[in-house]
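A quick write-up on the structure given underneath.
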Amino acid sequence: MNEHAANGPRTEGVRKESAPKENAAVPAEPRSPSPLHRWGGYMARHRIPVLAVWLLLVVASAAFYPSVESRLAAPDYTVQSSESATAQKLMARHFPASGAEQGVVVFRSARLTADTPEYRRAVERVLAVIPADGGRPAAPDSSSGRISADKHVAVATFPMAGSRSDRADRAGDLQRHIRAAAADGPVEAYLTGPSALTGDLSDVELRDQSVAESIGVPIALLALLLAFGTLVAALIPVAMALGSVLACTALLGLLAGPLNLDRFVTVVATVIGIGVGIDYALFVISRFREELARRTPPDGGPRPDKAALREAVDASVSVALRTSGRTVLTAGLIVMVALGSMILIRGHIFTEITVAAGLMVVLCLLTSLTALPALLALLGHRVNRGALPRRLRPSAGAGVGVGAGGGRWAAWARTVLRHPYRLGLPVLLLVAAMTVPLASIRLGVDWGLASLTDTSSGKGQQIVATSFSPGAVGPVQVVACGPGDTAVTGAQRLAGEVRDDRRVTEVLPVERSGKCAGLHIVLAEPVDSPKATAFVRDLRSGPARTAFAGTPAEVHVGGLSAEYVDLSDETAGKLPLVVLVILALSFCYLLVVFRSVLVPVKAVLLNLLATVAALGMTTLVFQHGWGEGLFGFTSSGTLQAYLPVALFALLFGLSMDYEIFLVGRIQEERLRSGDDAQAVPAGLEHTARQITTAAAIMVVVFGSLLFARVLELKQFGFGLAFAVLLDATVVRLLLVPAVMGVAGRANWWLPGWLERRLPAVWKE
């Protein structure tokens, strides 16, 4: 593309179509227009109704948006049919007085001690605001062990029943009532416990999302402005992405109740929506401007009539959807296939991520294939309004005259083609070395307590951890059921065995309900620590078996620490299956799209390498703590249990964007020229700027999560950002041209028998 084409022509003429010269970067129109080509024309003709429908949808979503937050539930790390899930059900059924969890009210006074009348009156005033529906908490006394050694701290516990969502709502209400009851009094009062902590964690994640958006969106807009050189073209991708995010968030709000969605997955979905939405729009707009420039004569040409101008705009929309629209649709479908594979894992968190991220990608696709072409058809040449000063505009366009020298990306591609082994092998070995840390990966769940130091529940948890035990808010639960006294006898024997364990602070008295016995074990370690999960594993394999050996009683170990163990085991066990399904389905889909055997093999293997390398570096930075000082966190010694599967599915799907965009253009150039040696440089010249711009935006948007306070958001942001950076630079701009240059015509080999059996979905 020449400078005129790159920076946006003035609408002073429309040249008549002529046959493309050899080496000119003009793709041949399909003999029979593809469905996307016809769809583009349909969107262009009905641009006003389409935009009106989208405007109404966005306005309705904006009106509903403020109520979304109240509909979101607490995080749910349970694994269906796991031992911890069974234990929780049995505890709720047989020991309702204990509740699904224990709420904890923490009292502290620097001046008064718990045995003074003024302290006791303050405590009673706070406890009076707690409804007695599940059993009002008794005031702490020295005999109950709920008063600290220095007598300045006391705790009271009470049962909380109902679903996670119900308990989260109740915890929010109680926090407000307790804060009001203790206001201006001599004793501080804080509500803590699982629901209170996760509720405050959701608020922190919401603030983290706002920070990420305030950083990522402006930088993305600046990158688009520098890439397009015009303000209008730069604003459109941001508007499309934000519209998609708004509509999807409203939809997730409607689904939050039935699906028990939480704030974390909506934060992740929002960041993905911004990155993907901008990328998809960038690809389509770039091709639209290229086609529009090709159909417009240089400045000073004859003034066009309105019919010719409209024909040029509509044709450019159709070609943009036939080419870049195909890329967007293919990439989006692969992302959804990758995300859908996570339903093989029984953990609720995977269902949430699949639904939230999948719906976000669907909304981004719909926007890119409906609202975007309609808006481009409406704007026409006005898409190039608000041009930057000439010195700030992008350099001469990509792809024109590649055979005669082309631009710098074509020159780089020819260099790679001349030295594929010398350039490719060292980089390939470097990327392979990045995968090594993955061999030492350890999975766990960080509860995010480090980010809650300024919240009421976080302060209460810290006081309890200092004055009593870090594990007091989430004791290990053991429930056993059997005939006669077998369950109670076994539970008492188990209590005696674990009481001497140095990791145990307190073993509460055994409870009995019919044929079942319940036991609560308070640990000296935080519930999300590796030592706590190690205790659960040891308990299940050792004392919990020996204490009930020879009896017909069934025993189950539950509690938060046990949930984290079950989630880690489920993830590790199902990860190979999920990876295999993603690789197989992606290969089959690319086989149909590109009508080639080697291209999908190369795409799958290179994507696999880049994704595993990103996971390896995430392990090095967060598990081994290499990035603690740089990114402001303290390593827990583990990665979030669901992170490897979720990141693999997301990264593998997202990295296909650039693969399809680049290889699709190379295939287009090969079909036009019939020359493999020229197709790779021409394809890279046409797409490298868009790929690097799109990758820079993705890296900024995902990387903005590194400013989050919650560790799991930092891990997600780093993994996504590093993978996109690695994929869009090293893989797409070096390894892909090198492999395709070595393979030559073998890139497009397809056995005749297979060609006859493949569905002609994209064949034109």
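Chain labels follow the order of the structure tokens: the first chain is A, the next B, and so on; residue numbering restarts at 1 in every chain, and ligands are counted from 1 in their shown order.
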
Using only C-alpha atoms, I'd like a table of the residues in segment 81-106 of chain A that come within 8 Å of segment 189-211 of chain A; for each, show the closest atom pair and its distance in Å rounded to one decimal, ordered by chain and ascending number, as CSV.
```
residue,atom,partner,partner_atom,distance
A:Glu101,CA,A:Pro194,CA,7.4
A:Gln102,CA,A:Gly193,CA,6.7
A:Gly103,CA,A:Gly193,CA,5.2
A:Val104,CA,A:Thr192,CA,5.2
A:Val105,CA,A:Leu191,CA,4.6
A:Val106,CA,A:Tyr190,CA,5.1
```

* Asked: What are the DSSP alpha helix (DSSP H) residues of segment 225-452 of chain A, as JSON, numbers by chain?
  -> {"A": [225, 226, 227, 228, 231, 232, 233, 234, 235, 236, 237, 238, 239, 240, 241, 242, 243, 244, 245, 246, 247, 248, 249, 250, 251, 252, 253, 254, 255, 256, 257, 258, 259, 263, 264, 265, 266, 267, 268, 269, 270, 271, 272, 273, 274, 275, 276, 277, 278, 279, 280, 281, 282, 283, 284, 285, 286, 287, 288, 289, 290, 291, 292, 293, 294, 306, 307, 308, 309, 310, 311, 312, 313, 314, 315, 316, 317, 318, 319, 320, 326, 327, 328, 329, 330, 331, 332, 333, 334, 335, 336, 337, 338, 339, 340, 348, 349, 350, 351, 352, 353, 354, 355, 356, 357, 358, 359, 360, 361, 362, 363, 364, 365, 366, 372, 373, 374, 375, 376, 377, 378, 379, 408, 409, 410, 411, 412, 413, 414, 415, 416, 417, 418, 420, 421, 422, 423, 424, 425, 426, 427, 428, 429, 430, 431, 432, 433, 434]}

* Got a sec: who's within 8 Å of segment 738-749 of chain A, counting only C-alpha atoms, leaving out chain neighbours fewer than 5 positions off, as a ChimeraX atom specification? -> /A:416-417,419-421,424,595-599,602,676-677,680

For the residues in the current selection, export C-alpha atoms as an mmCIF file, in the first residue's frame.
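Once everything was written out, this is selection-v1.cif:
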```
data_model
loop_
_atom_site.group_PDB
_atom_site.id
_atom_site.type_symbol
_atom_site.label_atom_id
_atom_site.label_comp_id
_atom_site.auth_asym_id
_atom_site.auth_seq_id
_atom_site.Cartn_x
_atom_site.Cartn_y
_atom_site.Cartn_z
ATOM 1 C CA VAL A 416 14.259 -15.461 7.086
ATOM 2 C CA LEU A 417 13.637 -17.493 3.939
ATOM 3 C CA HIS A 419 18.493 -18.349 6.523
ATOM 4 C CA PRO A 420 15.648 -20.383 8.040
ATOM 5 C CA TYR A 421 17.852 -22.697 10.110
ATOM 6 C CA GLY A 424 14.928 -20.300 13.436
ATOM 7 C CA ARG A 595 -7.131 -27.384 2.810
ATOM 8 C CA SER A 596 -3.652 -28.462 3.860
ATOM 9 C CA VAL A 597 -2.062 -31.060 6.132
ATOM 10 C CA LEU A 598 1.208 -29.343 7.010
ATOM 11 C CA VAL A 599 -0.250 -25.884 7.791
ATOM 12 C CA LYS A 602 2.651 -26.500 12.038
ATOM 13 C CA ASP A 676 5.400 -19.643 -2.916
ATOM 14 C CA ALA A 677 8.629 -17.651 -2.707
ATOM 15 C CA VAL A 680 5.363 -15.469 2.264
#
```

* To do: Find the residues near segment 619-631 of chain A: any atom within 10 Å, counting only C-alpha atoms, skip ones fewer than 4 places away on the same chain, and give them as number ranges by chain.
  => A: 434-443, 613-615, 635-640, 644, 706-709, 711-712, 714-715, 718-719

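Checking A:Ala411, A:Val663, A:Ala312, A:Leu369 one by one against Trp39 of chain A, counting only C-alpha atoms, you find the shortest gap at A:Leu369.
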
* Neighbour list for Pro483 of chain A as JSON, numbers by chain, cut-off 12 Å, only C-alpha atoms, skip fewer than 4 positions in-chain -> {"A": [487, 488, 489, 490, 513, 514, 515, 516, 517, 551, 552, 553, 554]}

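Between His46 of chain A and the residues A:Leu90, A:Tyr77, A:Leu376, A:Ala281, the shortest atom-to-atom distance, using only C-alpha atoms, involves A:Leu376.
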
* Quick one: residues within 8 Å of Ser341 of chain A, only C-alpha atoms counted, chain neighbours fewer than 6 positions away excluded, as a count of residues only? -> 4

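If you measure from each of A:Glu290, A:Glu685, A:Glu570, A:Glu525 to Val645 of chain A using only C-alpha atoms, the closest one turns out to be A:Glu570.
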
* **Close residues, Val68 of chain A itself excluded, 6 Å, only C-alpha atoms, min 3 positions apart in chain, as JSON, numbers by chain** => {"A": [65, 71, 253]}

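Residue nearest Leu55 of chain A, chosen from A:Gly347, A:Pro33, A:Gly444, A:Gly243 and counting only C-alpha atoms: A:Gly243.
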
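Proximity to Arg537 of chain A was assessed for A:Ser84, A:Gln461, A:Leu372, A:Pro131 counting only C-alpha atoms; the smallest distance is recorded for A:Ser84.
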
* Measure the distance from atom CA of Val123 of chain A to atom CA of Val187 of chain A in Å and round it to one decimal. =>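 Atom-to-atom, atom CA of Val123 of chain A and atom CA of Val187 of chain A are spaced 7.7 Å apart.
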
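Distance-wise, atom CA of Leu713 of chain A and atom CA of Ser451 of chain A end up 11.2 Å apart.
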
* Of the residues A:Ala62, A:Val276, A:Ala679, A:Ile178, which is the one nearest to Ser456 of chain A, using only C-alpha atoms? ->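 Checking each candidate against Ser456 of chain A, we get A:Ile178 as the closest.
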